[in-house]
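Raw contents of my_file.tsv, TSV, C-alpha atoms and all ligand atoms:
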```tsv
chain	number	residue	atom	x	y	z
A	136	MET	CA	10.66	-25.34	-13.57
A	137	THR	CA	7.95	-25.39	-10.92
A	138	VAL	CA	8.56	-25.50	-7.18
A	139	LYS	CA	7.36	-29.10	-7.27
A	140	ASP	CA	9.85	-30.06	-10.03
A	141	PHE	CA	12.71	-28.55	-8.04
A	142	VAL	CA	11.71	-29.90	-4.65
A	143	GLN	CA	11.12	-33.42	-5.97
A	144	HIS	CA	14.39	-33.40	-7.89
A	145	CYS	CA	16.34	-32.42	-4.78
A	146	GLY	CA	14.32	-34.40	-2.24
A	147	TYR	CA	13.40	-31.35	-0.18
A	148	ARG	CA	10.39	-31.07	2.09
A	149	ILE	CA	7.47	-28.68	1.58
A	150	LEU	CA	6.14	-27.30	4.88
A	151	SER	CA	3.28	-25.12	3.62
A	152	CYS	CA	0.97	-24.77	0.59
A	153	ALA	CA	2.19	-27.98	-1.07
A	154	ASP	CA	-0.94	-27.91	-3.24
A	155	ARG	CA	0.39	-24.83	-5.07
A	156	ALA	CA	3.85	-26.26	-5.76
A	157	ASP	CA	3.05	-27.64	-9.22
A	158	LYS	CA	1.43	-24.37	-10.30
A	159	THR	CA	4.22	-22.08	-9.11
A	160	GLU	CA	7.03	-21.36	-11.54
A	161	ILE	CA	10.54	-20.51	-10.28
A	162	THR	CA	12.15	-17.71	-12.27
A	163	GLY	CA	15.47	-17.43	-10.41
A	164	VAL	CA	17.16	-17.45	-7.01
A	165	TYR	CA	17.96	-14.79	-4.45
A	166	VAL	CA	19.94	-15.45	-1.29
A	167	CYS	CA	19.97	-12.97	1.60
A	168	ASP	CA	19.30	-12.83	5.32
A	169	LEU	CA	18.68	-9.10	5.58
A	170	LEU	CA	14.94	-8.70	5.26
A	171	SER	CA	15.06	-5.16	3.83
A	172	MET	CA	17.56	-6.29	1.23
A	173	ALA	CA	15.39	-9.25	0.24
A	174	MET	CA	12.38	-6.95	0.22
A	175	ALA	CA	14.16	-4.67	-2.24
A	176	ARG	CA	15.72	-7.34	-4.44
A	177	VAL	CA	13.61	-10.50	-4.67
A	178	LYS	CA	12.02	-10.43	-8.10
A	179	ASP	CA	8.63	-11.94	-8.95
A	180	GLY	CA	8.82	-15.72	-9.00
A	181	GLU	CA	12.27	-16.01	-7.46
A	182	LEU	CA	13.11	-18.69	-4.96
A	183	TRP	CA	14.38	-16.97	-1.80
A	184	VAL	CA	16.93	-18.72	0.41
A	185	THR	CA	17.20	-17.49	4.01
A	186	VAL	CA	18.21	-18.92	7.38
A	187	HIS	CA	15.51	-16.87	9.10
A	188	THR	CA	12.49	-18.85	10.21
A	189	ASN	CA	10.57	-16.16	12.07
A	190	ILE	CA	7.11	-15.04	10.96
A	191	ASN	CA	8.42	-11.99	9.10
A	192	ILE	CA	9.76	-14.09	6.22
A	193	VAL	CA	6.14	-14.76	5.23
A	194	ALA	CA	5.38	-11.06	4.72
A	195	VAL	CA	8.59	-10.57	2.73
A	196	ALA	CA	7.89	-13.58	0.49
A	197	CYS	CA	4.27	-12.54	0.04
A	198	LEU	CA	4.94	-8.88	-0.77
A	199	THR	CA	7.79	-9.65	-3.19
A	200	ASN	CA	5.85	-12.45	-4.96
A	201	ALA	CA	8.64	-14.94	-4.29
A	202	SER	CA	7.79	-18.40	-5.66
A	203	CYS	CA	8.88	-19.99	-2.38
A	204	VAL	CA	11.18	-19.64	0.63
A	205	VAL	CA	13.85	-22.29	1.04
A	206	ILE	CA	15.31	-22.81	4.51
A	207	PRO	CA	18.76	-24.45	4.39
A	208	GLU	CA	20.50	-26.98	6.62
A	209	ASN	CA	17.31	-28.46	8.07
A	210	ILE	CA	16.82	-25.46	10.32
A	211	GLU	CA	13.61	-25.95	12.27
A	212	VAL	CA	10.82	-23.60	11.16
A	213	GLU	CA	8.56	-22.18	13.86
A	214	GLU	CA	5.00	-23.45	13.81
A	215	GLN	CA	3.67	-19.90	13.88
A	216	THR	CA	5.59	-19.20	10.65
A	217	VAL	CA	4.29	-22.33	8.92
A	218	ASN	CA	0.71	-21.47	9.91
A	219	LYS	CA	1.04	-17.91	8.70
A	220	ALA	CA	2.55	-19.12	5.42
A	221	ALA	CA	-0.36	-21.50	4.91
A	222	GLU	CA	-2.78	-18.63	5.55
A	223	LYS	CA	-0.99	-16.27	3.13
A	224	GLY	CA	-0.34	-18.82	0.39
A	225	VAL	CA	3.43	-18.82	0.81
A	226	ILE	CA	5.32	-22.05	0.04
A	227	ILE	CA	8.04	-22.83	2.60
A	228	VAL	CA	10.56	-25.54	1.76
A	229	GLN	CA	13.03	-27.15	4.12
A	230	SER	CA	16.33	-28.42	2.75
A	231	PRO	CA	19.18	-30.40	4.32
A	232	HIS	CA	21.64	-28.59	2.02
A	233	THR	CA	23.57	-25.36	2.56
A	234	SER	CA	22.49	-22.18	0.77
A	235	TYR	CA	25.36	-22.71	-1.66
A	236	GLU	CA	24.29	-26.26	-2.47
A	237	ILE	CA	20.69	-25.14	-2.98
A	238	CYS	CA	21.86	-22.63	-5.58
A	239	ILE	CA	24.02	-25.23	-7.32
A	240	ASN	CA	21.11	-27.67	-7.40
A	241	TYR	CA	18.87	-25.05	-8.94
A	242	HIS	CA	21.47	-24.22	-11.53
A	243	LEU	CA	22.06	-27.87	-12.45
A	244	LYS	CA	18.35	-28.64	-12.66
A	245	LYS	CA	17.79	-25.56	-14.77
A	246	SER	CA	20.58	-26.38	-17.24
A	247	GLU	CA	19.24	-29.92	-17.48
A	248	SER	CA	15.66	-28.84	-18.22
A	249	GLY	CA	16.96	-26.15	-20.58
A	250	ASN	CA	18.62	-28.83	-22.70
A	251	GLY	CA	15.68	-31.17	-22.68
B	227	MET	CA	-10.55	15.32	-5.68
B	228	SER	CA	-12.02	12.87	-3.22
B	229	SER	CA	-10.63	9.40	-2.75
B	230	ILE	CA	-12.43	6.30	-3.98
B	231	ILE	CA	-11.32	4.14	-1.09
B	232	LYS	CA	-10.08	5.13	2.34
B	233	LYS	CA	-8.71	2.69	4.90
B	234	GLU	CA	-7.21	3.00	8.36
B	235	TYR	CA	-5.04	0.45	10.08
B	236	ASP	CA	-3.71	0.11	13.61
B	237	ILE	CA	-0.07	-0.87	13.83
B	238	PRO	CA	0.64	-2.47	17.20
B	239	ALA	CA	4.05	-1.96	18.81
B	240	ASN	CA	6.55	-4.83	18.96
B	241	ASP	CA	4.04	-7.40	17.74
B	242	PHE	CA	5.78	-9.35	15.01
B	243	SER	CA	2.97	-11.81	14.51
B	244	LEU	CA	0.92	-8.91	13.11
B	245	ALA	CA	3.74	-6.89	11.55
B	246	GLY	CA	3.12	-6.44	7.84
B	247	GLU	CA	-0.60	-7.07	8.21
B	248	ALA	CA	-1.57	-3.56	7.05
B	249	SER	CA	0.67	-3.72	3.95
B	250	SER	CA	-0.58	-7.20	3.25
B	251	ASN	CA	-4.19	-5.95	3.38
B	252	VAL	CA	-3.41	-3.10	1.03
B	253	ARG	CA	-1.71	-5.49	-1.37
B	254	LYS	CA	-4.83	-7.64	-1.43
B	255	LEU	CA	-7.05	-4.62	-1.99
B	256	LEU	CA	-4.93	-3.35	-4.90
B	257	THR	CA	-4.90	-6.82	-6.45
B	258	GLN	CA	-8.70	-6.91	-6.31
B	259	LEU	CA	-8.83	-3.48	-7.93
B	260	GLY	CA	-6.69	-4.76	-10.80
B	261	VAL	CA	-3.85	-2.30	-10.23
B	262	TYR	CA	-0.64	-2.97	-12.24
B	263	PRO	CA	1.52	-5.63	-10.52
B	264	THR	CA	4.58	-3.33	-10.57
B	265	VAL	CA	2.60	-0.62	-8.78
B	266	ILE	CA	1.33	-3.15	-6.24
B	267	LYS	CA	4.86	-4.32	-5.54
B	268	ARG	CA	6.25	-0.80	-5.09
B	269	THR	CA	3.37	0.09	-2.79
B	270	SER	CA	3.79	-3.12	-0.78
B	271	ILE	CA	7.52	-2.60	-0.27
B	272	ALA	CA	7.20	1.06	0.69
B	273	MET	CA	4.33	0.48	3.05
B	274	TYR	CA	5.88	-2.61	4.65
B	275	GLU	CA	9.07	-0.73	5.49
B	276	ALA	CA	7.13	2.20	6.95
B	277	GLU	CA	4.91	-0.15	8.91
B	278	LEU	CA	7.85	-2.11	10.30
B	279	ASN	CA	9.57	1.10	11.36
B	280	VAL	CA	6.49	1.96	13.40
B	281	VAL	CA	6.52	-1.53	14.97
B	282	ILE	CA	10.25	-1.54	15.67
B	283	HIS	CA	11.15	2.09	16.33
B	284	GLY	CA	7.90	4.03	16.80
B	285	ASN	CA	6.13	2.20	19.65
B	286	GLY	CA	3.18	1.46	17.40
B	287	GLY	CA	0.99	3.82	15.41
B	288	LYS	CA	-1.42	3.97	12.54
B	289	ALA	CA	-1.61	3.92	8.76
B	290	ARG	CA	-4.08	5.75	6.55
B	291	VAL	CA	-4.39	4.66	2.95
B	292	GLU	CA	-6.33	6.54	0.30
B	293	ILE	CA	-6.78	5.33	-3.23
B	294	PHE	CA	-7.65	7.92	-5.86
B	295	GLU	CA	-8.35	7.48	-9.56
B	296	ASP	CA	-4.73	8.13	-10.42
B	297	LYS	CA	-2.70	7.54	-7.26
B	298	ILE	CA	-2.32	5.92	-3.87
B	299	GLU	CA	-1.57	8.09	-0.85
B	300	ILE	CA	-0.28	6.50	2.32
B	301	LEU	CA	0.42	8.10	5.66
B	302	VAL	CA	2.14	5.99	8.29
B	303	TYR	CA	2.53	7.73	11.62
B	304	ASP	CA	3.39	7.23	15.25
B	305	GLU	CA	3.83	9.24	18.41
B	306	GLY	CA	7.05	7.50	19.35
B	307	PRO	CA	10.54	8.81	20.06
B	308	GLY	CA	10.98	10.49	16.68
B	309	ILE	CA	14.18	10.87	14.67
B	310	GLU	CA	16.90	13.26	15.81
B	311	ASP	CA	18.84	13.48	12.54
B	312	ILE	CA	16.69	12.70	9.50
B	313	GLU	CA	19.57	12.98	7.04
B	314	LEU	CA	21.55	10.39	9.00
B	315	ALA	CA	18.52	8.09	9.33
B	316	MET	CA	18.08	8.20	5.54
B	317	LYS	CA	21.63	6.92	4.98
B	318	GLU	CA	21.70	3.31	3.79
B	319	GLY	CA	23.20	1.13	6.51
B	320	TYR	CA	22.35	3.44	9.41
B	321	SER	CA	20.22	1.70	11.98
B	322	THR	CA	19.57	1.98	15.69
B	323	ALA	CA	17.80	-1.40	15.80
B	324	PRO	CA	18.78	-3.42	18.89
B	325	ASP	CA	20.40	-6.88	18.62
B	326	PHE	CA	17.24	-8.93	19.12
B	327	ILE	CA	15.68	-7.09	16.17
B	328	ARG	CA	18.77	-7.69	14.03
B	329	GLU	CA	18.63	-11.37	14.88
B	330	MET	CA	15.24	-11.47	13.16
B	331	GLY	CA	16.78	-10.05	9.99
B	332	PHE	CA	15.75	-6.42	10.43
B	333	GLY	CA	18.04	-3.48	11.04
B	334	ALA	CA	19.79	-3.37	7.67
B	335	GLY	CA	19.23	0.37	7.68
B	336	MET	CA	17.68	0.19	4.23
B	337	GLY	CA	14.05	0.74	5.12
B	338	LEU	CA	13.80	4.48	4.58
B	339	SER	CA	15.75	4.35	1.33
B	340	ASN	CA	13.58	1.45	0.15
B	341	ILE	CA	10.53	3.62	0.78
B	342	LYS	CA	12.06	6.54	-1.09
B	343	LYS	CA	13.10	4.41	-4.08
B	344	ASN	CA	9.67	2.87	-4.46
B	345	SER	CA	7.61	6.04	-4.01
B	346	ASP	CA	6.87	8.75	-6.55
B	347	ARG	CA	6.74	11.20	-3.68
B	348	PHE	CA	8.14	10.60	-0.20
B	349	VAL	CA	8.06	12.98	2.75
B	350	LEU	CA	9.45	12.17	6.18
B	351	GLU	CA	8.52	14.42	9.09
B	352	SER	CA	9.81	13.73	12.54
B	353	GLU	CA	10.38	15.50	15.80
B	354	PRO	CA	12.16	14.03	18.82
B	355	ASN	CA	9.69	12.93	21.52
B	356	LYS	CA	6.72	13.85	19.32
B	357	GLY	CA	6.70	11.16	16.64
B	358	THR	CA	7.25	10.39	13.00
B	359	ARG	CA	5.09	10.77	9.90
B	360	VAL	CA	5.88	9.15	6.57
B	361	TYR	CA	3.92	10.31	3.51
B	362	ILE	CA	4.08	8.09	0.44
B	363	THR	CA	2.50	8.82	-2.93
B	364	ILE	CA	2.52	6.29	-5.75
B	365	TYR	CA	0.92	6.96	-9.13
B	366	LEU	CA	-1.20	4.21	-10.58
B	367	TYR	CA	-0.18	4.82	-14.19
C	1	LIG	N1	9.04	5.57	13.00
C	1	LIG	C1	10.27	5.79	13.49
C	1	LIG	N2	10.43	6.27	14.76
C	1	LIG	C2	11.65	6.48	15.28
C	1	LIG	N3	12.80	6.26	14.61
C	1	LIG	C3	12.71	5.81	13.35
C	1	LIG	C4	11.45	5.54	12.72
C	1	LIG	N4	11.69	5.11	11.46
C	1	LIG	C5	13.03	5.09	11.32
C	1	LIG	N5	13.65	5.51	12.44
C	1	LIG	C6	15.11	5.65	12.66
C	1	LIG	O1	15.76	5.65	11.39
C	1	LIG	C7	16.69	4.56	11.32
C	1	LIG	C8	16.78	4.03	9.90
C	1	LIG	O2	15.54	3.44	9.51
C	1	LIG	P1	15.52	2.35	8.37
C	1	LIG	O3	16.19	2.93	7.16
C	1	LIG	O4	14.12	1.88	8.20
C	1	LIG	O5	16.45	1.19	8.93
C	1	LIG	P2	16.17	0.09	10.07
C	1	LIG	O6	14.72	0.07	10.34
C	1	LIG	O7	16.68	-1.16	9.44
C	1	LIG	O8	16.96	0.51	11.26
C	1	LIG	C9	16.21	3.56	12.35
C	1	LIG	O9	17.21	2.69	12.79
C	1	LIG	C10	15.70	4.50	13.45
C	1	LIG	O10	16.77	5.00	14.21
C	2	MG	MG	13.30	0.05	8.89
```

Structure translated into C-alpha cells:
Amino acid sequence: MTVKDFVQHCGYRILSCADRADKTEITGVYVCDLLSMAMARVKDGELWVTVHTNINIVAVACLTNASCVVIPENIEVEEQTVNKAAEKGVIIVQSPHTSYEICINYHLKKSESGNG
Amino acid sequence: MSSIIKKEYDIPANDFSLAGEASSNVRKLLTQLGVYPTVIKRTSIAMYEAELNVVIHGNGGKARVEIFEDKIEILVYDEGPGIEDIELAMKEGYSTAPDFIREMGFGAGMGLSNIKKNSDRFVLESEPNKGTRVYITIYLY
C-alpha cells in the first residue's frame, strides 16, 4: 500500500510532498510522541503517528526513513514544519481521526488489500 | 590512515529550526557514497542524538565527521555546562530537559543510550563547567 492509497482511502490531507505519495510504500505503523523513542524504533517505510507538529518531526522522519508522518485530530501543523518537510522530501499527512483510528484504518485497509 | 572525507559543522544553541541539520547533511553524504542503508541509519540516529544534546543541553558546539575506508568517526563537542554524573546521565529515562523542551517531544532520556546502541564504539567525556565530548565510531562493513 502506498501513502497515496492509504490517504485516499481514508480521505486524509497531504500537506507536503504529495508528488511522492504514489511512489512511497508503507511497511507498517509506529505511534509515539517521544522523539528519541521514535528515532530508535521507526523502521524503514513505517508510517509514524505523532501529535507533535514542530520542525523536529521532519528530522526524525527523514533520518528514520519513515514513509510519512500522520498528524491526528486535525492538529494544525506549523508552516515552518511544512516548508522544512517539503525541502527534505518528507510527506506530512493531516487526519481528522485519533491515533487509534488511524491505526485501525491502516489495519483494515491492509487486510483488504492483502485479500485482493 | 588518513580520512577520505573530513567535514566540520557548527551546531547553534537552542535553534530548533537548524537542529538536526548536521546529521541530515551527513546522511546525504553517506547516501551519495553508497554506504549500506543500515549503516546510514545507525550513523544518523547516533549523530542526531548527539547533535540535539549539544543544542538542548550544551549551549551549542561543533561536530567533526571523518569518513575512512572502513569506518566513520564522529566527534560532537561543546563547551557547555558538562555532565556531573555520567553514569546517571547514561541511564534510560534520566533527563534534565526543561518543560518547554519536553513539550516538543524531547527529554525522553534515551539519547545517550540511543547513541551507544547504534555505535560500534562510543566514548563520552565530560567535565562540569568545561564541556562534553561524544566520540562515535561506526564501521562501514
Ligand atoms: N552535551 C551535553 N551537555 C550537558 N549535559 C548533557 C549533554 N548531553 C547530555 N547531557 C545530560 O545527560 C542527560 C541525558 O541525556 P539524553 O540521554 O540524551 O536524554 P535527554 O536529552 O532526553 O535529556 C541530559 O538530560 C543532560 O542532563
Ligand atoms: Mg538527548

Residues of chain B within 9 Å of chain A, counting all atoms listed in the file - could you list those as a PDB file with C-alpha atoms, in the coordinates of the input?
```pdb
ATOM      1  CA  PHE B 242       5.780  -9.350  15.010  1.00  0.00           C
ATOM      2  CA  SER B 243       2.970 -11.810  14.510  1.00  0.00           C
ATOM      3  CA  LEU B 244       0.920  -8.910  13.110  1.00  0.00           C
ATOM      4  CA  ALA B 245       3.740  -6.890  11.550  1.00  0.00           C
ATOM      5  CA  GLY B 246       3.120  -6.440   7.840  1.00  0.00           C
ATOM      6  CA  GLU B 247      -0.600  -7.070   8.210  1.00  0.00           C
ATOM      7  CA  SER B 249       0.670  -3.720   3.950  1.00  0.00           C
ATOM      8  CA  SER B 250      -0.580  -7.200   3.250  1.00  0.00           C
ATOM      9  CA  ARG B 253      -1.710  -5.490  -1.370  1.00  0.00           C
ATOM     10  CA  ILE B 266       1.330  -3.150  -6.240  1.00  0.00           C
ATOM     11  CA  LYS B 267       4.860  -4.320  -5.540  1.00  0.00           C
ATOM     12  CA  SER B 270       3.790  -3.120  -0.780  1.00  0.00           C
ATOM     13  CA  ILE B 271       7.520  -2.600  -0.270  1.00  0.00           C
ATOM     14  CA  TYR B 274       5.880  -2.610   4.650  1.00  0.00           C
ATOM     15  CA  GLU B 275       9.070  -0.730   5.490  1.00  0.00           C
ATOM     16  CA  ARG B 328      18.770  -7.690  14.030  1.00  0.00           C
ATOM     17  CA  GLU B 329      18.630 -11.370  14.880  1.00  0.00           C
ATOM     18  CA  MET B 330      15.240 -11.470  13.160  1.00  0.00           C
ATOM     19  CA  GLY B 331      16.780 -10.050   9.990  1.00  0.00           C
ATOM     20  CA  PHE B 332      15.750  -6.420  10.430  1.00  0.00           C
ATOM     21  CA  GLY B 333      18.040  -3.480  11.040  1.00  0.00           C
ATOM     22  CA  ALA B 334      19.790  -3.370   7.670  1.00  0.00           C
ATOM     23  CA  GLY B 335      19.230   0.370   7.680  1.00  0.00           C
ATOM     24  CA  MET B 336      17.680   0.190   4.230  1.00  0.00           C
ATOM     25  CA  GLY B 337      14.050   0.740   5.120  1.00  0.00           C
ATOM     26  CA  ASN B 340      13.580   1.450   0.150  1.00  0.00           C
TER      27      ASN B 340
END
```

Point to revise | Using all atoms listed in the file: which of A:Cys238, A:Val212, A:Ile226, A:Ile206 has the shortest distance to Thr137 in chain A | key: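 Nearest candidate to Thr137 in chain A out of A:Cys238, A:Val212, A:Ile226, A:Ile206: A:Ile226.
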
Margin query: Give me, as an MDAnalysis selection string, all polymer residues having an atom no more than 8 Å from range 163-165 of chain A, counting all atoms listed in the file and skipping those fewer than 3 positions away in the same chain.
Written below: chainID A and resid 173 176:177 180:184 238

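Interatomic distance, CA of Ser246 in chain A against CA of Glu160 in chain A: 15.5 Å.
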
Could you list, as number ranges by chain, all residues that come within 9 Å of ligand LIG 1 (chain C)? Count only C-alpha atoms and all ligand atoms.
A: 170-171; B: 275-287, 302-312, 314-324, 328, 331-341, 352, 354, 357-360

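Proximity to ligand MG 2 (chain C) was assessed for B:Gly260, B:Ile293, B:Ile327, B:Leu255 counting all atoms listed in the file; the smallest distance is recorded for B:Ile327.
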
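Between ligand MG 2 (chain C) and the candidates B:Val291, B:Lys342, B:Lys254, B:Glu299, the tightest atom-to-atom separation, counting only C-alpha atoms and all ligand atoms, involves B:Lys342.
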
| message | Under the rule that all atoms listed in the file are counted, which of A:Asp154, A:His232, A:Ile161, A:Ile210 is the nearest residue to Phe141 in chain A? | response |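 Of all the options, A:Ile161 lies closest to Phe141 in chain A.
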